[in-house]
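Text of structure11.cif (mmCIF, C-alpha atoms) as supplied:
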data_work
loop_
_atom_site.label_atom_id
_atom_site.label_comp_id
_atom_site.auth_asym_id
_atom_site.auth_seq_id
_atom_site.Cartn_x
_atom_site.Cartn_y
_atom_site.Cartn_z
CA MET A 1 0.42 147.89 -13.56
CA PHE A 2 4.15 148.59 -13.52
CA PRO A 3 5.00 145.66 -11.16
CA SER A 4 3.35 143.16 -13.51
CA PHE A 5 5.12 144.71 -16.52
CA TYR A 6 8.38 144.69 -14.56
CA ASN A 7 8.06 141.02 -13.63
CA LYS A 8 7.17 140.08 -17.20
CA PHE A 9 10.30 141.69 -18.63
CA ARG A 10 12.77 141.38 -15.77
CA ARG A 11 15.52 138.94 -16.56
CA ILE A 12 15.23 135.49 -15.03
CA THR A 13 17.80 134.88 -12.32
CA THR A 14 18.56 132.09 -9.88
CA ILE A 15 18.20 132.13 -6.10
CA GLN A 16 20.98 134.71 -5.84
CA LEU A 17 20.37 138.37 -5.08
CA TYR A 18 19.28 140.42 -8.09
CA LEU A 19 21.13 143.73 -8.43
CA PRO A 20 19.12 146.10 -10.67
CA GLU A 21 21.99 148.59 -10.85
CA ILE A 22 23.92 146.02 -12.92
CA ASP A 23 21.18 146.15 -15.55
CA GLY A 24 21.26 149.93 -15.12
CA MET A 25 24.92 149.84 -16.13
CA ARG A 26 23.94 147.80 -19.16
CA PHE A 27 21.27 150.39 -19.97
CA LEU A 28 23.92 153.11 -20.03
CA SER A 29 26.15 151.19 -22.43
CA LEU A 30 23.25 150.10 -24.63
CA SER A 31 21.79 153.60 -24.89
CA LEU A 32 25.11 155.10 -25.90
CA VAL A 33 25.94 152.56 -28.59
CA THR A 34 22.40 152.75 -30.02
CA LEU A 35 22.44 156.56 -30.20
CA PHE A 36 25.92 156.41 -31.70
CA HIS A 37 24.71 154.22 -34.57
CA ILE A 38 21.53 156.25 -35.11
CA ARG A 39 23.54 159.46 -35.37
CA GLU A 40 26.11 157.90 -37.70
CA TYR A 41 23.36 156.63 -39.99
CA PHE A 42 21.63 160.01 -39.96
CA ILE A 43 24.84 161.94 -40.72
CA TYR A 44 25.80 159.75 -43.67
CA LYS A 45 22.36 159.12 -45.14
CA SER A 46 20.52 162.40 -44.65
CA SER A 47 20.10 164.65 -47.69
CA ILE A 48 19.79 167.76 -45.51
CA LYS A 49 22.56 170.31 -45.96
CA PHE A 50 23.16 171.52 -42.45
CA GLY A 51 24.06 175.10 -41.72
CA SER A 52 26.35 176.56 -39.12
CA ASP A 53 24.23 175.10 -36.31
CA TYR A 54 25.98 171.76 -36.88
CA TYR A 55 29.26 173.34 -35.81
CA ASP A 56 27.55 175.16 -32.95
CA CYS A 57 26.86 171.74 -31.42
CA TYR A 58 30.56 171.01 -31.05
CA TRP A 59 30.50 169.37 -27.61
CA LEU A 60 27.36 167.39 -28.38
CA ASN A 61 28.89 166.07 -31.59
CA ARG A 62 32.11 165.27 -29.79
CA PHE A 63 30.19 163.33 -27.15
CA PHE A 64 28.25 161.25 -29.69
CA THR A 65 31.29 160.75 -31.91
CA ASN A 66 32.97 159.17 -28.88
CA ALA A 67 29.88 157.17 -27.89
CA ASP A 68 31.42 154.07 -29.46
CA ARG A 69 33.45 153.97 -26.25
CA SER A 70 30.37 152.36 -24.76
CA VAL A 71 31.64 149.02 -26.09
CA PRO A 72 34.45 148.94 -23.49
CA LEU A 73 31.74 149.63 -20.90
CA PHE A 74 30.05 146.39 -22.00
CA PHE A 75 33.33 144.50 -21.77
CA ALA A 76 33.98 145.77 -18.25
CA ILE A 77 30.49 144.66 -17.16
CA SER A 78 31.16 141.18 -18.54
CA GLY A 79 34.51 141.13 -16.76
CA PHE A 80 32.84 142.01 -13.47
CA ILE A 81 29.80 139.75 -13.70
CA LEU A 82 31.56 136.58 -14.77
CA CYS A 83 34.34 137.14 -12.25
CA THR A 84 32.15 137.76 -9.21
CA PRO A 85 31.28 134.11 -8.37
CA PHE A 86 34.93 133.15 -8.75
CA ALA A 87 36.00 136.13 -6.65
CA HIS A 88 33.54 135.03 -3.98
CA HIS A 89 35.21 131.60 -4.01
CA TYR A 90 38.83 132.75 -4.05
CA ILE A 91 38.52 135.74 -1.71
CA ASN A 92 35.67 134.85 0.66
CA HIS A 93 36.17 131.06 0.48
CA GLY A 94 32.73 130.60 -1.01
CA LYS A 95 31.47 127.67 -3.03
CA LYS A 96 33.78 126.39 -5.74
CA ILE A 97 32.52 126.99 -9.28
CA SER A 98 32.26 123.96 -11.55
CA LEU A 99 34.02 124.71 -14.82
CA LYS A 100 31.89 122.12 -16.58
CA GLN A 101 28.73 123.88 -15.46
CA TYR A 102 30.26 127.29 -16.19
CA TYR A 103 30.93 126.44 -19.83
CA LEU A 104 27.67 124.54 -20.22
CA ARG A 105 25.79 127.58 -18.96
CA ARG A 106 27.52 129.78 -21.54
CA VAL A 107 26.27 127.46 -24.27
CA THR A 108 22.70 126.92 -23.07
CA ARG A 109 22.13 130.54 -22.13
CA LEU A 110 23.69 132.40 -25.05
CA GLU A 111 23.86 130.16 -28.11
CA PRO A 112 20.15 129.50 -28.81
CA PRO A 113 19.04 133.18 -28.88
CA TYR A 114 22.20 134.15 -30.75
CA PHE A 115 21.59 131.57 -33.47
CA ILE A 116 17.91 132.48 -33.80
CA VAL A 117 18.49 136.23 -33.98
CA MET A 118 21.42 135.94 -36.39
CA ILE A 119 19.44 133.69 -38.75
CA CYS A 120 16.51 136.13 -38.66
CA ILE A 121 18.82 139.05 -39.49
CA PHE A 122 20.40 136.94 -42.24
CA ALA A 123 16.95 136.36 -43.75
CA ALA A 124 16.13 140.07 -43.51
CA GLN A 125 19.39 140.95 -45.28
CA LEU A 126 18.52 138.60 -48.14
CA LEU A 127 15.00 140.02 -48.43
CA MET A 128 16.44 143.54 -48.66
CA HIS A 129 18.97 142.35 -51.26
CA SER A 130 21.81 143.80 -49.18
CA TYR A 131 24.09 140.93 -50.23
CA SER A 132 23.81 137.84 -52.37
CA PHE A 133 23.28 134.48 -50.72
CA GLN A 134 26.71 133.34 -51.92
CA THR A 135 28.34 136.29 -50.16
CA LEU A 136 26.26 136.38 -46.99
CA PHE A 137 25.96 132.68 -46.14
CA PRO A 138 29.70 132.06 -45.51
CA SER A 139 29.71 135.20 -43.37
CA LEU A 140 26.78 133.85 -41.35
CA LEU A 141 28.52 130.51 -40.79
CA ALA A 142 31.66 132.29 -39.61
CA SER A 143 29.62 134.44 -37.24
CA LEU A 144 27.75 131.45 -35.82
CA ILE A 145 31.06 129.95 -34.70
CA TYR A 146 32.29 133.35 -33.47
CA SER A 147 35.19 133.39 -35.91
CA HIS A 148 34.32 136.03 -38.51
CA ASN A 149 36.98 138.48 -37.36
CA LEU A 150 39.55 135.70 -37.20
CA ILE A 151 38.74 134.30 -40.65
CA TYR A 152 37.99 137.43 -42.68
CA HIS A 153 39.72 140.14 -40.64
CA HIS A 154 36.75 142.46 -40.95
CA THR A 155 33.44 142.94 -39.17
CA PRO A 156 30.58 140.48 -39.85
CA LEU A 157 28.31 141.16 -42.82
CA VAL A 158 25.13 139.85 -41.19
CA THR A 159 25.34 142.52 -38.51
CA VAL A 160 28.46 144.51 -37.83
CA VAL A 161 27.93 144.57 -34.07
CA ALA A 162 28.45 140.80 -33.79
CA TRP A 163 32.20 141.41 -33.66
CA THR A 164 31.94 142.31 -29.98
CA LEU A 165 30.23 139.01 -29.18
CA GLU A 166 33.16 137.17 -30.74
CA VAL A 167 35.47 139.07 -28.40
CA GLU A 168 33.19 138.26 -25.47
CA ILE A 169 33.31 134.54 -26.29
CA GLN A 170 37.10 134.65 -26.32
CA TYR A 171 36.95 136.19 -22.85
CA TYR A 172 34.44 133.58 -21.62
CA ILE A 173 36.81 130.80 -22.67
CA MET A 174 39.92 132.19 -21.00
CA ALA A 175 38.21 133.93 -18.04
CA PRO A 176 38.36 131.10 -15.44
CA PHE A 177 42.13 130.94 -15.90
CA LEU A 178 42.46 134.71 -15.44
CA PHE A 179 40.35 134.49 -12.29
CA ARG A 180 43.02 132.35 -10.64
CA MET A 181 44.91 135.57 -9.98
CA LEU A 182 42.36 136.27 -7.26
CA ALA A 183 43.86 133.45 -5.19
CA LEU A 184 46.96 135.60 -4.71
CA PRO A 185 47.38 137.89 -1.68
CA LYS A 186 45.26 141.05 -1.85
CA TYR A 187 47.85 143.65 -2.81
CA THR A 188 49.76 141.28 -5.08
CA ARG A 189 46.73 140.43 -7.21
CA ARG A 190 45.55 144.04 -7.44
CA LEU A 191 48.95 145.31 -8.47
CA LEU A 192 49.24 142.45 -10.96
CA ILE A 193 45.86 143.21 -12.57
CA ALA A 194 46.65 146.94 -12.75
CA ALA A 195 50.07 146.17 -14.23
CA LEU A 196 48.53 143.86 -16.84
CA ILE A 197 46.11 146.62 -17.87
CA VAL A 198 48.98 149.05 -18.40
CA PHE A 199 51.10 146.39 -20.10
CA PHE A 200 48.46 145.39 -22.66
CA VAL A 201 47.57 148.99 -23.47
CA ALA A 202 51.26 149.77 -24.04
CA LEU A 203 51.64 146.61 -26.14
CA GLN A 204 48.65 147.56 -28.28
CA ASN A 205 50.20 150.98 -28.77
CA LEU A 206 53.45 149.44 -29.99
CA TYR A 207 51.85 146.56 -31.92
CA PRO A 208 48.34 147.63 -32.96
CA PRO A 209 45.82 144.80 -33.46
CA THR A 210 45.48 143.75 -37.10
CA PHE A 211 41.90 142.55 -36.53
CA LEU A 212 39.30 142.73 -33.78
CA SER A 213 39.97 140.25 -30.99
CA ILE A 214 40.42 139.94 -27.24
CA TYR A 215 43.96 141.28 -27.68
CA GLY A 216 42.66 144.77 -28.45
CA SER A 217 40.18 144.86 -25.56
CA ILE A 218 41.55 142.71 -22.75
CA GLN A 219 42.26 145.72 -20.52
CA HIS A 220 38.53 146.40 -20.19
CA PHE A 221 37.79 142.84 -19.09
CA LEU A 222 40.69 143.04 -16.65
CA VAL A 223 39.28 146.15 -15.03
CA GLY A 224 36.02 144.25 -14.60
CA ILE A 225 37.97 141.61 -12.68
CA LEU A 226 39.47 144.35 -10.53
CA ILE A 227 36.00 145.73 -9.78
CA ALA A 228 34.85 142.24 -8.74
CA ASP A 229 37.83 141.99 -6.39
CA PHE A 230 36.99 145.34 -4.76
CA TYR A 231 33.27 144.55 -4.61
CA VAL A 232 33.55 141.11 -3.02
CA SER A 233 36.26 142.36 -0.63
CA GLY A 234 34.08 145.27 0.48
CA PHE A 235 36.74 147.81 -0.48
CA ALA A 236 36.20 151.35 0.93
CA ILE A 237 32.44 150.92 1.27
CA ASP A 238 31.97 153.80 3.72
CA PHE A 239 33.95 156.20 1.55
CA PHE A 240 32.05 155.47 -1.66
CA ARG A 241 28.71 155.75 0.13
CA LYS A 242 29.31 159.40 0.97
CA LYS A 243 26.87 161.71 -0.79
CA TRP A 244 29.56 164.00 -2.15
CA VAL A 245 31.03 161.07 -4.12
CA ALA A 246 27.90 160.84 -6.31
CA PRO A 247 28.66 163.90 -8.52
CA PHE A 248 32.03 162.39 -9.39
CA ALA A 249 30.22 159.68 -11.33
CA ALA A 250 28.83 162.34 -13.69
CA VAL A 251 32.23 164.06 -13.96
CA ILE A 252 34.01 160.80 -14.79
CA PHE A 253 31.33 159.90 -17.33
CA LEU A 254 31.63 163.23 -19.15
CA VAL A 255 35.43 163.15 -19.18
CA MET A 256 35.39 159.63 -20.62
CA PHE A 257 33.24 160.67 -23.56
CA LEU A 258 34.65 164.13 -24.15
CA MET A 259 38.32 163.16 -24.19
CA PRO A 260 39.96 163.49 -27.61
CA ARG A 261 39.77 160.51 -29.91
CA TRP A 262 42.92 158.43 -29.81
CA GLU A 263 43.66 158.94 -33.51
CA ASP A 264 43.54 162.74 -33.06
CA THR A 265 46.35 162.78 -30.49
CA HIS A 266 50.09 162.28 -30.53
CA GLN A 267 51.35 158.78 -29.78
CA LEU A 268 52.39 159.50 -26.19
CA ASP A 269 49.12 161.28 -25.37
CA ARG A 270 47.24 158.43 -26.99
CA LEU A 271 49.01 156.01 -24.67
CA TYR A 272 48.17 158.05 -21.57
CA LEU A 273 44.49 158.34 -22.54
CA ALA A 274 44.22 154.66 -23.41
CA ILE A 275 45.70 153.72 -20.03
CA LEU A 276 43.40 156.13 -18.22
CA MET A 277 40.21 154.85 -19.89
CA PRO A 278 39.82 151.41 -18.23
CA PHE A 279 40.59 152.82 -14.78
CA MET A 280 37.98 155.52 -15.27
CA ILE A 281 35.45 152.86 -16.24
CA GLY A 282 36.35 150.92 -13.12
CA LEU A 283 35.92 153.95 -10.86
CA LEU A 284 32.60 154.89 -12.46
CA TYR A 285 31.20 151.39 -12.05
CA TYR A 286 32.38 151.04 -8.48
CA ILE A 287 30.63 154.29 -7.58
CA ILE A 288 27.44 152.99 -9.22
CA LEU A 289 27.69 149.76 -7.23
CA ARG A 290 28.39 151.39 -3.88
CA ASN A 291 26.89 154.88 -3.76
CA GLU A 292 23.21 154.80 -2.78
CA LEU A 293 22.28 157.97 -4.68
CA VAL A 294 23.84 156.81 -7.93
CA LYS A 295 22.52 153.30 -7.40
CA LYS A 296 18.96 154.65 -7.18
CA VAL A 297 19.35 156.38 -10.54
CA PHE A 298 20.57 153.18 -12.22
CA SER A 299 17.87 151.10 -10.52
CA TYR A 300 14.97 153.38 -11.40
CA LYS A 301 11.95 151.51 -12.82
CA PHE A 302 12.40 151.16 -16.61
CA VAL A 303 16.19 151.57 -16.54
CA PRO A 304 17.05 148.02 -15.39
CA ILE A 305 14.23 146.56 -17.50
CA ILE A 306 15.70 147.95 -20.72
CA GLY A 307 19.22 147.19 -19.53
CA GLY A 308 18.18 143.59 -18.90
CA MET A 309 17.23 143.33 -22.57
CA CYS A 310 20.66 144.48 -23.70
CA TYR A 311 21.80 141.22 -25.32
CA THR A 312 18.89 141.06 -27.75
CA THR A 313 18.64 144.83 -28.21
CA TYR A 314 22.33 145.07 -29.00
CA LEU A 315 22.06 142.29 -31.58
CA VAL A 316 19.04 143.73 -33.44
CA HIS A 317 19.47 147.50 -33.11
CA TYR A 318 21.89 147.97 -36.01
CA SER A 319 19.70 146.00 -38.40
CA VAL A 320 16.56 147.87 -37.34
CA ILE A 321 18.36 151.18 -37.92
CA SER A 322 19.35 150.02 -41.41
CA ILE A 323 15.79 149.00 -42.27
CA VAL A 324 13.83 151.81 -40.63
CA GLY A 325 16.40 154.52 -41.22
CA ARG A 326 16.00 154.47 -44.99
CA TYR A 327 12.47 155.81 -44.43
CA THR A 328 12.95 158.03 -41.39
CA VAL A 329 15.87 160.01 -42.86
CA ARG A 330 13.47 161.39 -45.46
CA LEU A 331 11.51 163.10 -42.70
CA HIS A 332 12.72 166.39 -41.28
CA LEU A 333 11.34 169.20 -39.16
CA THR A 334 13.53 172.07 -40.35
CA GLU A 335 16.85 172.49 -42.10
CA TYR A 336 18.61 172.61 -38.74
CA TYR A 337 20.79 169.81 -37.43
CA LEU A 338 19.75 169.38 -33.80
CA PRO A 339 15.94 169.12 -34.21
CA ASN A 340 16.39 166.55 -36.97
CA LEU A 341 18.90 164.57 -34.95
CA LEU A 342 16.47 164.40 -32.02
CA LEU A 343 13.69 163.40 -34.43
CA GLN A 344 15.77 160.48 -35.71
CA PHE A 345 16.58 159.42 -32.16
CA VAL A 346 12.86 159.15 -31.43
CA LEU A 347 11.76 157.64 -34.75
CA MET A 348 14.41 154.92 -34.69
CA THR A 349 14.45 154.14 -30.97
CA ILE A 350 10.75 153.22 -30.91
CA PRO A 351 10.96 150.39 -33.51
CA ILE A 352 14.26 149.22 -32.02
CA MET A 353 12.61 148.75 -28.63
CA LEU A 354 9.53 147.11 -30.14
CA VAL A 355 11.54 144.57 -32.15
CA ALA A 356 13.97 143.98 -29.29
CA GLY A 357 11.09 143.56 -26.84
CA VAL A 358 9.50 140.83 -28.95
CA PHE A 359 12.78 138.97 -29.47
CA TYR A 360 13.70 139.33 -25.80
CA LEU A 361 10.35 138.10 -24.51
CA TYR A 362 9.95 135.14 -26.87
CA VAL A 363 13.50 134.26 -27.87
CA GLU A 364 16.07 135.32 -25.27
CA ARG A 365 14.21 135.31 -21.96
CA PRO A 366 13.05 131.66 -22.08
CA PHE A 367 16.70 130.56 -22.32
CA MET A 368 17.65 132.52 -19.19
CA SER A 369 16.22 129.71 -17.07
CA LYS A 370 18.13 126.50 -16.81
CA LYS A 371 14.80 124.68 -16.79
CA TRP A 372 14.53 124.74 -20.58
CA ILE A 373 17.41 122.32 -21.04
CA ASP A 374 16.07 120.11 -18.25
CA LYS A 375 12.69 119.93 -19.96
CA LEU A 376 14.33 119.24 -23.30
CA MET A 377 16.29 116.37 -21.79
CA LYS A 378 13.22 115.26 -19.77
CA LYS A 379 14.99 115.54 -16.48
CA ASP A 380 13.47 116.32 -13.11
CA LYS A 381 15.20 119.24 -11.54
CA ARG A 382 15.87 118.19 -7.98
CA HIS A 383 18.14 120.96 -6.82
CA GLU A 384 18.46 124.72 -7.10
CA GLU A 385 20.63 126.30 -9.77
CA THR A 386 24.03 127.34 -8.51
CA ASN A 387 25.86 128.54 -11.62
CA MET A 388 25.66 132.05 -12.95
CA HIS A 389 25.40 133.39 -16.46
CA PRO A 390 26.31 136.88 -17.70
CA GLY A 391 22.97 138.20 -16.50
CA GLU A 392 23.47 137.17 -12.89
CA VAL A 393 25.73 138.07 -10.02
CA TYR A 394 26.81 135.47 -7.47
CA ILE A 395 26.33 137.57 -4.38
CA THR A 396 24.70 137.07 -1.05
CA GLN A 397 22.99 139.86 0.81
CA THR A 398 25.93 140.26 3.15
CA ASP A 399 28.48 140.31 0.32
CA GLY A 400 26.79 143.37 -1.11
CA ASN A 401 27.00 145.22 2.16
CA ASN A 402 29.68 144.64 4.78
CA ALA A 403 31.07 141.12 4.37
CA GLY A 404 34.84 141.18 3.98
CA LYS A 405 34.78 144.92 4.49
CA GLU A 406 38.25 146.46 4.19
#

Could you show the structure in this file as structure tokens?
Amino acid sequence: MFPSFYNKFRRITTIQLYLPEIDGMRFLSLSLVTLFHIREYFIYKSSIKFGSDYYDCYWLNRFFTNADRSVPLFFAISGFILCTPFAHHYINHGKKISLKQYYLRRVTRLEPPYFIVMICIFAAQLLMHSYSFQTLFPSLLASLIYSHNLIYHHTPLVTVVAWTLEVEIQYYIMAPFLFRMLALPKYTRRLLIAALIVFFVALQNLYPPTFLSIYGSIQHFLVGILIADFYVSGFAIDFFRKKWVAPFAAVIFLVMFLMPRWEDTHQLDRLYLAILMPFMIGLLYYIILRNELVKKVFSYKFVPIIGGMCYTTYLVHYSVISIVGRYTVRLHLTEYYLPNLLLQFVLMTIPIMLVAGVFYLYVERPFMSKKWIDKLMKKDKRHEETNMHPGEVYITQTDGNNAGKE
């Protein structure tokens, strides 16, 4: 039963090797951002007056308050996945990537489901009378061209989470030019990427972003490029495969989400923490990619299935919380904080997954195959697909093991 379910929901890839741990990494980021928004909604909308038990959950609250740091995790994944085919070309002298096909794949893979989902959310917002048509329609148009942050300098009204997709698009456009750094000698390119991460974090500290854009997040994409370099080069494979390395993944993860919030620290400490963050993400992800024990956890059955649905789930989850939450927050088990928080996690996660599952299966997944555009244009497909999209990794079996091993 599970294999058929798995095949039905597993993302469509090309002839390249599918790496379930990549979708497991997506699952981690998606789970955190979803729980973050559920908790925020519950805290602000619940009529329950919590007692001292709220303050007894200090570390739990601190963890979930910082769960918005899962967005940089998404950015790092995008940095890694889009870079990998180019890294394979520049470092291992693999097949050259066609920029025309690269950009065309971005459009045919991402735009149709994005347009459909955004228009559906727009319609739902109108039905709920959240905004007037005159207010919401210009916001929708700005979001559909990925320019809402640029035009209005605030998050999109249709769904606030769409701001990250605008940042992603900015990265997609400039990424192939950044990837040219990988043609440099090994140590030169790695030092350059690391230096750029530090430079941009320091620059953001001196000149904070005035609106959400690639400028405020480029360090997380850059660390994804660094991971791709290490992965394709086979950096320290034997070391990261050691069993005792596995627990460090959990330690790094907890430190990342229990560190103080930047705004609660002094300027110099804020700088140090902001510099540390992308490198911690890089180390965590490289352990996931290389350590067999950790890889098994992130490849376990339902984990990559849900992670593979992250694009649609991420787009719809905030709207589902807004719709369902207005009813679920009225329900409570006791007057205590933790049981009610767990109740909201369950009550809201179920409809999120149901709605996301339907949209993924019937809206997003069909566009994962390049065949849809061929059929639309009535072309016979006479050759195998060779260009990757954000859901695929251009890797051969040997690349994932010992090819180019340092």

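With only C-alpha atoms as the atoms that count, the minimum distance from Leu60 of chain A to the choices A:Leu258, A:Met181, A:Leu273, A:Ile287 is reached by A:Leu258.
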
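Comparing the minimum interatomic distances between Ser70 of chain A and each of A:Met277, A:Cys83, A:Ile145, A:Ile173, counting all atoms listed in the file, we find that A:Met277 sits nearest.
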
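Checking A:Leu212, A:Leu203, A:Leu99, A:Met280 one by one against Tyr146 of chain A, counting only C-alpha atoms, you find the shortest gap at A:Leu212.
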
Please report the interatomic distance between atom CA of Tyr285 of chain A and atom CA of Asp264 of chain A in Å with one decimal.
26.9 Å

Assuming the chain letters and numbering stay as they are in my file, what does the PyMOL selection byres ((chain A and resi 213) around 9) actually select? List them as a PDB file with C-alpha atoms, keeping the file's coordinate frame.
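Printed below is part_5.pdb as written:
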ATOM      1  CA  ASN A 149      36.980 138.480 -37.360  1.00  0.00           C
ATOM      2  CA  LEU A 150      39.550 135.700 -37.200  1.00  0.00           C
ATOM      3  CA  TRP A 163      32.200 141.410 -33.660  1.00  0.00           C
ATOM      4  CA  THR A 164      31.940 142.310 -29.980  1.00  0.00           C
ATOM      5  CA  GLU A 166      33.160 137.170 -30.740  1.00  0.00           C
ATOM      6  CA  VAL A 167      35.470 139.070 -28.400  1.00  0.00           C
ATOM      7  CA  GLU A 168      33.190 138.260 -25.470  1.00  0.00           C
ATOM      8  CA  GLN A 170      37.100 134.650 -26.320  1.00  0.00           C
ATOM      9  CA  PRO A 209      45.820 144.800 -33.460  1.00  0.00           C
ATOM     10  CA  THR A 210      45.480 143.750 -37.100  1.00  0.00           C
ATOM     11  CA  PHE A 211      41.900 142.550 -36.530  1.00  0.00           C
ATOM     12  CA  LEU A 212      39.300 142.730 -33.780  1.00  0.00           C
ATOM     13  CA  ILE A 214      40.420 139.940 -27.240  1.00  0.00           C
ATOM     14  CA  TYR A 215      43.960 141.280 -27.680  1.00  0.00           C
ATOM     15  CA  GLY A 216      42.660 144.770 -28.450  1.00  0.00           C
ATOM     16  CA  SER A 217      40.180 144.860 -25.560  1.00  0.00           C
ATOM     17  CA  ILE A 218      41.550 142.710 -22.750  1.00  0.00           C
TER      18      ILE A 218
END

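Between atom CA of Ala236 of chain A and atom CA of Ala87 of chain A the interatomic distance comes to 17.0 Å.
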
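The coordinates place atom CA of Gln125 of chain A at 12.2 Å from atom CA of Val316 of chain A.
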
Apply the PyMOL selection byres ((chain A and resi 358-363) around 12) to the displayed file and report the matching residues as a VMD selection string.
chain A and resid 5 7 to 12 109 to 118 120 to 121 305 to 317 351 to 357 364 to 368

Write the residues of the selection above to a file with C-alpha atoms, as a short mmCIF file (atom, residue, chain, number, x, y, z; two decimals), in the coordinates of the input.
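That gives us result07.cif:
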data_model
loop_
_atom_site.label_atom_id
_atom_site.label_comp_id
_atom_site.auth_asym_id
_atom_site.auth_seq_id
_atom_site.Cartn_x
_atom_site.Cartn_y
_atom_site.Cartn_z
CA PHE A 5 5.12 144.71 -16.52
CA ASN A 7 8.06 141.02 -13.63
CA LYS A 8 7.17 140.08 -17.20
CA PHE A 9 10.30 141.69 -18.63
CA ARG A 10 12.77 141.38 -15.77
CA ARG A 11 15.52 138.94 -16.56
CA ILE A 12 15.23 135.49 -15.03
CA ARG A 109 22.13 130.54 -22.13
CA LEU A 110 23.69 132.40 -25.05
CA GLU A 111 23.86 130.16 -28.11
CA PRO A 112 20.15 129.50 -28.81
CA PRO A 113 19.04 133.18 -28.88
CA TYR A 114 22.20 134.15 -30.75
CA PHE A 115 21.59 131.57 -33.47
CA ILE A 116 17.91 132.48 -33.80
CA VAL A 117 18.49 136.23 -33.98
CA MET A 118 21.42 135.94 -36.39
CA CYS A 120 16.51 136.13 -38.66
CA ILE A 121 18.82 139.05 -39.49
CA ILE A 305 14.23 146.56 -17.50
CA ILE A 306 15.70 147.95 -20.72
CA GLY A 307 19.22 147.19 -19.53
CA GLY A 308 18.18 143.59 -18.90
CA MET A 309 17.23 143.33 -22.57
CA CYS A 310 20.66 144.48 -23.70
CA TYR A 311 21.80 141.22 -25.32
CA THR A 312 18.89 141.06 -27.75
CA THR A 313 18.64 144.83 -28.21
CA TYR A 314 22.33 145.07 -29.00
CA LEU A 315 22.06 142.29 -31.58
CA VAL A 316 19.04 143.73 -33.44
CA HIS A 317 19.47 147.50 -33.11
CA PRO A 351 10.96 150.39 -33.51
CA ILE A 352 14.26 149.22 -32.02
CA MET A 353 12.61 148.75 -28.63
CA LEU A 354 9.53 147.11 -30.14
CA VAL A 355 11.54 144.57 -32.15
CA ALA A 356 13.97 143.98 -29.29
CA GLY A 357 11.09 143.56 -26.84
CA GLU A 364 16.07 135.32 -25.27
CA ARG A 365 14.21 135.31 -21.96
CA PRO A 366 13.05 131.66 -22.08
CA PHE A 367 16.70 130.56 -22.32
CA MET A 368 17.65 132.52 -19.19
#

Taking the file above as input, evaluate the PyMOL selection byres ((chain A and resi 327-343) around 10) and report the hits as a PyMOL selection string.
chain A and resi 35+38-39+41-57+60-61+321-326+344-349

Which residues come within 12 Å of Trp59 of chain A, counting all atoms listed in the file, excluding same-chain residues fewer than 6 positions away, as an MDAnalysis selection string?
chainID A and resid 65:66 254:255 257:260

I need the residues from that last selection saved to file as a CSV table (one decimal), in the coordinates of the input (with C-alpha atoms), if you can.
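Contents of part_17.csv, as written:
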chain,number,residue,atom,x,y,z
A,65,THR,CA,31.3,160.8,-31.9
A,66,ASN,CA,33.0,159.2,-28.9
A,254,LEU,CA,31.6,163.2,-19.2
A,255,VAL,CA,35.4,163.2,-19.2
A,257,PHE,CA,33.2,160.7,-23.6
A,258,LEU,CA,34.6,164.1,-24.2
A,259,MET,CA,38.3,163.2,-24.2
A,260,PRO,CA,40.0,163.5,-27.6

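For Leu192 of chain A, the list of residues within 10 Å, based on only C-alpha atoms and with local chain neighbours fewer than 5 positions off taken out, reads Met181, Leu182, Leu184, Tyr187, Ile197, Val198 and Leu226 of chain A.
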
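For the residues A:Leu30, A:Ala67, A:Leu289, A:Leu271, ranking by smallest atom-to-atom distance to Ala202 of chain A using all atoms listed in the file places A:Leu271 first.
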
Reconstructed N, CA and C atoms for segment 344-351 of chain A, given as a compact mmCIF listing (two decimals), keeping the file's coordinate frame:
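Okay, rebuild_22.txt is ready:
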# COMPACT_ATOMS: atom_id res chain seq x y z
N GLN A 344 15.30 161.82 -35.33
CA GLN A 344 15.77 160.48 -35.71
C GLN A 344 15.96 159.60 -34.49
N PHE A 345 16.45 160.18 -33.40
CA PHE A 345 16.58 159.42 -32.16
C PHE A 345 15.24 158.81 -31.77
N VAL A 346 14.19 159.61 -31.83
CA VAL A 346 12.86 159.15 -31.43
C VAL A 346 12.31 158.14 -32.43
N LEU A 347 12.37 158.49 -33.72
CA LEU A 347 11.76 157.64 -34.75
C LEU A 347 12.43 156.27 -34.86
N MET A 348 13.72 156.21 -34.58
CA MET A 348 14.41 154.92 -34.69
C MET A 348 14.40 154.15 -33.38
N THR A 349 14.41 154.84 -32.26
CA THR A 349 14.45 154.14 -30.97
C THR A 349 13.17 153.35 -30.74
N ILE A 350 12.03 153.90 -31.13
CA ILE A 350 10.75 153.22 -30.91
C ILE A 350 10.70 151.85 -31.59
N PRO A 351 10.97 151.73 -32.90
CA PRO A 351 10.96 150.39 -33.51
C PRO A 351 12.06 149.48 -32.97
